Amino acid sequence: MSTAPALDPARTALLVMDYQPAILALLSESGDCETLLGRVEGAIADVRTNGGTIAYVRVGFTETDWDAIPAVNKSFAPVARHRVMHHEDPATAIHERLAPQDSDIIVRKIRYGGMSTTDLDQQLRERGITTLVVSGISTGGVVLSTVIDAADRDYQLYVLSDGVADPDTEVHDVLLHRVFPSRAHIIDTAELHALLRAG
């Protein structure tokens with residue numbers, strides 16, 4: 001039984017971050033993508049059914065975005081140099097199994113964090129969202145950046161342990177077990193289902 005506090009679905013958003021074919025491809029050797037997609041698909045359905053919000057975060061670049069990335073940016077300068085992850089490329093679309101609906105929030109980012117280069121925080125606050133359930137790929141990228149940022153913005157945080165993944169399983173495990181617990185409740189999709197019903 002989870003020790004995490006119950007959720008108020010009306011004030012809760014599930015963040016579905018970087019679930020894009022180009023990003024999922026990085027996991028091909030380290031886990032079963034279909035199983036992962038199935039779990040997140042279930043979590044989305046649970047949150048929707050209980051009246052919560054779904055917020056999608058995807059990474060994608062325009063020509064202007066690439067041109068603005070400085071050479072000193074160790075992570076993103078190669079993206080700009082090789083002109084990859086164009087925002088209109090089908091590989092940067094949200095995976096079809098997790099397709100957004102009209103009432104969902106969708107933001108496009110150009111760095112790791114879900115909030116740093118988007119208006120996600122503003123959109124969530126306009127809807128009265130105070131609690132975030134975090135899913136995403138990768139644990140050491142978008143999940144880490146967004147959890148730290150959202151914690152600093154005083155959101156109540158839950159990280160879906162079976163809704164996040166990373167090509168580096170050691171990084172994934174250290175973050176889930178040693179880093180995130182000081183900022184977030186660590187739950188799985190079954191616990192999310194129970195907490196939504198208890199809220």
# chains A, B, ... in the order shown; residues from 1 in each chain; ligands from 1
call {"tool": "residues_around", "arguments": {"residues": "A:Thr118", "least_positions_apart": "2", "cutoff": "8 Å", "atoms": "only C-alpha atoms", "output": "ChimeraX atom specification"}}
result
/A:107-109,114-116,120-121
call {"tool": "write_last_selection", "arguments": {"atoms": "C-alpha atoms", "output": "PDB file, in the first residue's frame"}}
result
ATOM      1  CA  VAL A 107       4.104  22.301 -25.308  1.00  0.00           C
ATOM      2  CA  ARG A 108       7.237  22.148 -27.458  1.00  0.00           C
ATOM      3  CA  LYS A 109      10.580  22.591 -25.730  1.00  0.00           C
ATOM      4  CA  GLY A 114       9.650  20.698 -19.485  1.00  0.00           C
ATOM      5  CA  MET A 115       9.238  24.231 -18.109  1.00  0.00           C
ATOM      6  CA  SER A 116      12.431  26.173 -18.838  1.00  0.00           C
ATOM      7  CA  LEU A 120       3.887  24.915 -19.240  1.00  0.00           C
ATOM      8  CA  ASP A 121       4.049  26.362 -15.724  1.00  0.00           C
TER       9      ASP A 121
END
call {"tool": "select_by_dssp", "arguments": {"residues": "chain A", "states": "strand (DSSP E or B)", "output": "MDAnalysis selection string"}}
result
chainID A and resid 12:17 53:59 61 86 105:109 131:137 156:165 185:187
call {"tool": "closest_atom_pairs", "arguments": {"of": "stretch 129-197 of chain A", "to": "stretch 38-48 of chain A", "cutoff": "9 Å", "atoms": "only C-alpha atoms", "output": "CSV"}}
result
residue,atom,partner,partner_atom,distance
A:Ser135,CA,A:Val40,CA,7.6
A:Asp162,CA,A:Arg39,CA,7.3
A:Gly163,CA,A:Val40,CA,5.8
A:Thr189,CA,A:Ala43,CA,6.1
A:Ala190,CA,A:Ala43,CA,8.6
A:Leu192,CA,A:Ala43,CA,7.5
A:His193,CA,A:Asp46,CA,6.3
A:Leu196,CA,A:Val47,CA,7.3
call {"tool": "select_by_dssp", "arguments": {"residues": "stretch 80-170 of chain A", "states": "helix (DSSP H, G or I)", "output": "mmCIF file with N, CA and C atoms, in the first residue's frame"}}
result
data_model
loop_
_atom_site.group_PDB
_atom_site.id
_atom_site.type_symbol
_atom_site.label_atom_id
_atom_site.label_comp_id
_atom_site.auth_asym_id
_atom_site.auth_seq_id
_atom_site.Cartn_x
_atom_site.Cartn_y
_atom_site.Cartn_z
ATOM 1 N N ALA A 80 22.111 21.109 -33.012
ATOM 2 C CA ALA A 80 22.074 22.224 -33.967
ATOM 3 C C ALA A 80 22.999 21.962 -35.157
ATOM 4 N N ARG A 81 24.181 21.448 -34.857
ATOM 5 C CA ARG A 81 25.173 21.221 -35.911
ATOM 6 C C ARG A 81 24.662 20.212 -36.943
ATOM 7 N N HIS A 82 23.994 19.164 -36.455
ATOM 8 C CA HIS A 82 23.517 18.105 -37.353
ATOM 9 C C HIS A 82 22.072 18.305 -37.811
ATOM 10 N N PRO A 90 8.181 13.612 -38.392
ATOM 11 C CA PRO A 90 7.278 12.658 -37.729
ATOM 12 C C PRO A 90 7.918 11.971 -36.520
ATOM 13 N N ALA A 91 9.242 11.842 -36.531
ATOM 14 C CA ALA A 91 9.932 11.193 -35.412
ATOM 15 C C ALA A 91 9.891 12.033 -34.133
ATOM 16 N N THR A 92 9.521 13.322 -34.252
ATOM 17 C CA THR A 92 9.422 14.173 -33.060
ATOM 18 C C THR A 92 7.974 14.362 -32.617
ATOM 19 N N GLU A 96 1.876 7.825 -31.397
ATOM 20 C CA GLU A 96 0.459 7.698 -31.755
ATOM 21 C C GLU A 96 -0.369 6.972 -30.705
ATOM 22 N N ARG A 97 0.247 6.082 -29.943
ATOM 23 C CA ARG A 97 -0.506 5.361 -28.901
ATOM 24 C C ARG A 97 -0.917 6.276 -27.755
ATOM 25 N N LEU A 98 -0.221 7.388 -27.630
ATOM 26 C CA LEU A 98 -0.485 8.322 -26.522
ATOM 27 C C LEU A 98 -1.097 9.621 -27.045
ATOM 28 N N LEU A 120 4.583 25.994 -19.949
ATOM 29 C CA LEU A 120 3.887 24.915 -19.240
ATOM 30 C C LEU A 120 3.460 25.333 -17.839
ATOM 31 N N ASP A 121 4.366 25.942 -17.094
ATOM 32 C CA ASP A 121 4.049 26.362 -15.724
ATOM 33 C C ASP A 121 2.834 27.296 -15.721
ATOM 34 N N GLN A 122 2.829 28.253 -16.620
ATOM 35 C CA GLN A 122 1.710 29.208 -16.714
ATOM 36 C C GLN A 122 0.400 28.490 -17.049
ATOM 37 N N GLN A 123 0.443 27.588 -18.022
ATOM 38 C CA GLN A 123 -0.777 26.865 -18.416
ATOM 39 C C GLN A 123 -1.315 26.005 -17.270
ATOM 40 N N LEU A 124 -0.419 25.362 -16.527
ATOM 41 C CA LEU A 124 -0.841 24.539 -15.388
ATOM 42 C C LEU A 124 -1.489 25.406 -14.314
ATOM 43 N N ARG A 125 -0.859 26.525 -14.001
ATOM 44 C CA ARG A 125 -1.389 27.401 -12.944
ATOM 45 C C ARG A 125 -2.736 28.001 -13.346
ATOM 46 N N GLU A 126 -2.903 28.301 -14.630
ATOM 47 C CA GLU A 126 -4.189 28.831 -15.102
ATOM 48 C C GLU A 126 -5.318 27.820 -14.889
ATOM 49 N N THR A 139 15.089 9.446 -17.844
ATOM 50 C CA THR A 139 15.140 9.758 -16.415
ATOM 51 C C THR A 139 16.222 10.794 -16.122
ATOM 52 N N GLY A 140 17.372 10.652 -16.781
ATOM 53 C CA GLY A 140 18.493 11.557 -16.546
ATOM 54 C C GLY A 140 18.436 12.844 -17.346
ATOM 55 N N GLY A 141 17.420 12.981 -18.213
ATOM 56 C CA GLY A 141 17.269 14.183 -19.026
ATOM 57 C C GLY A 141 16.059 14.977 -18.603
ATOM 58 N N VAL A 142 14.957 14.832 -19.359
ATOM 59 C CA VAL A 142 13.758 15.624 -19.106
ATOM 60 C C VAL A 142 13.187 15.384 -17.712
ATOM 61 N N VAL A 143 13.233 14.154 -17.225
ATOM 62 C CA VAL A 143 12.633 13.868 -15.912
ATOM 63 C C VAL A 143 13.418 14.565 -14.807
ATOM 64 N N LEU A 144 14.740 14.406 -14.812
ATOM 65 C CA LEU A 144 15.582 15.053 -13.804
ATOM 66 C C LEU A 144 15.411 16.574 -13.838
ATOM 67 N N SER A 145 15.523 17.161 -15.019
ATOM 68 C CA SER A 145 15.432 18.625 -15.136
ATOM 69 C C SER A 145 14.070 19.135 -14.677
ATOM 70 N N THR A 146 13.012 18.431 -15.074
ATOM 71 C CA THR A 146 11.668 18.899 -14.763
ATOM 72 C C THR A 146 11.334 18.708 -13.293
ATOM 73 N N VAL A 147 11.750 17.592 -12.709
ATOM 74 C CA VAL A 147 11.491 17.353 -11.281
ATOM 75 C C VAL A 147 12.161 18.431 -10.429
ATOM 76 N N ILE A 148 13.418 18.735 -10.705
ATOM 77 C CA ILE A 148 14.131 19.743 -9.921
ATOM 78 C C ILE A 148 13.466 21.116 -10.079
ATOM 79 N N ASP A 149 13.122 21.471 -11.318
ATOM 80 C CA ASP A 149 12.492 22.757 -11.597
ATOM 81 C C ASP A 149 11.112 22.841 -10.937
ATOM 82 N N ALA A 150 10.299 21.799 -11.104
ATOM 83 C CA ALA A 150 8.942 21.815 -10.549
ATOM 84 C C ALA A 150 8.956 21.812 -9.024
ATOM 85 N N ALA A 151 9.923 21.136 -8.421
ATOM 86 C CA ALA A 151 10.054 21.152 -6.960
ATOM 87 C C ALA A 151 10.361 22.567 -6.484
ATOM 88 N N ASP A 152 11.225 23.269 -7.206
ATOM 89 C CA ASP A 152 11.563 24.648 -6.856
ATOM 90 C C ASP A 152 10.366 25.587 -7.036
ATOM 91 N N THR A 169 20.662 2.320 -17.293
ATOM 92 C CA THR A 169 19.868 1.810 -16.170
ATOM 93 C C THR A 169 20.468 2.193 -14.818
ATOM 94 N N GLU A 170 21.775 2.365 -14.753
ATOM 95 C CA GLU A 170 22.408 2.764 -13.490
ATOM 96 C C GLU A 170 22.003 4.193 -13.115
#
call {"tool": "atom_distance", "arguments": {"atom1": "atom CA of A:Gly128", "atom2": "atom CA of A:Leu37"}}
result
27.7 Å
call {"tool": "atom_distance", "arguments": {"atom1": "atom CA of A:Ala194", "atom2": "atom CA of A:Leu15"}}
result
18.1 Å
call {"tool": "closest_residue", "arguments": {"among": "A:Ile187, A:Val159, A:Leu195, A:Val84", "to": "A:Leu175", "atoms": "only C-alpha atoms"}}
result
A:Val159
call {"tool": "closest_residue", "arguments": {"among": "A:Thr49, A:Ser28, A:Ser161, A:Thr131", "to": "A:Ala13", "atoms": "only C-alpha atoms"}}
result
A:Thr131
call {"tool": "residues_around", "arguments": {"residues": "A:His172", "least_positions_apart": "5", "cutoff": "9 Å", "atoms": "only C-alpha atoms", "output": "list in words"}}
result
Ser138, Thr139, Gly140, Val164, Ala165, Asp166, Pro167 and His177 of chain A
call {"tool": "atom_distance", "arguments": {"atom1": "atom CA of A:Arg111", "atom2": "atom CA of A:His87"}}
result
13.0 Å
call {"tool": "closest_residue", "arguments": {"among": "A:Pro181, A:Asp67, A:His95, A:Thr130", "to": "A:Tyr19", "atoms": "only C-alpha atoms"}}
result
A:His95
call {"tool": "residues_around", "arguments": {"residues": "A:Gly51", "least_positions_apart": "5", "cutoff": "9 Å", "atoms": "only C-alpha atoms", "output": "mmCIF file with N, CA, C and O atoms, in the first residue's frame"}}
result
data_model
loop_
_atom_site.group_PDB
_atom_site.id
_atom_site.type_symbol
_atom_site.label_atom_id
_atom_site.label_comp_id
_atom_site.auth_asym_id
_atom_site.auth_seq_id
_atom_site.Cartn_x
_atom_site.Cartn_y
_atom_site.Cartn_z
ATOM 1 N N PRO A 9 -7.763 14.804 -8.169
ATOM 2 C CA PRO A 9 -7.623 14.777 -9.631
ATOM 3 C C PRO A 9 -7.845 16.135 -10.293
ATOM 4 O O PRO A 9 -7.178 16.456 -11.283
ATOM 5 N N ALA A 10 -8.744 16.936 -9.755
ATOM 6 C CA ALA A 10 -9.044 18.233 -10.369
ATOM 7 C C ALA A 10 -7.852 19.182 -10.333
ATOM 8 O O ALA A 10 -7.778 20.139 -11.117
ATOM 9 N N THR A 12 -4.634 17.964 -10.433
ATOM 10 C CA THR A 12 -3.501 17.108 -10.801
ATOM 11 C C THR A 12 -3.317 17.046 -12.317
ATOM 12 O O THR A 12 -4.290 16.940 -13.057
ATOM 13 N N ASP A 46 -6.388 6.580 -16.817
ATOM 14 C CA ASP A 46 -6.775 6.724 -15.403
ATOM 15 C C ASP A 46 -6.966 8.186 -15.020
ATOM 16 O O ASP A 46 -7.954 8.552 -14.379
#
call {"tool": "closest_residue", "arguments": {"among": "A:Phe61, A:Phe76, A:Tyr112, A:Tyr158", "to": "A:Asp18", "atoms": "only C-alpha atoms"}}
result
A:Tyr112
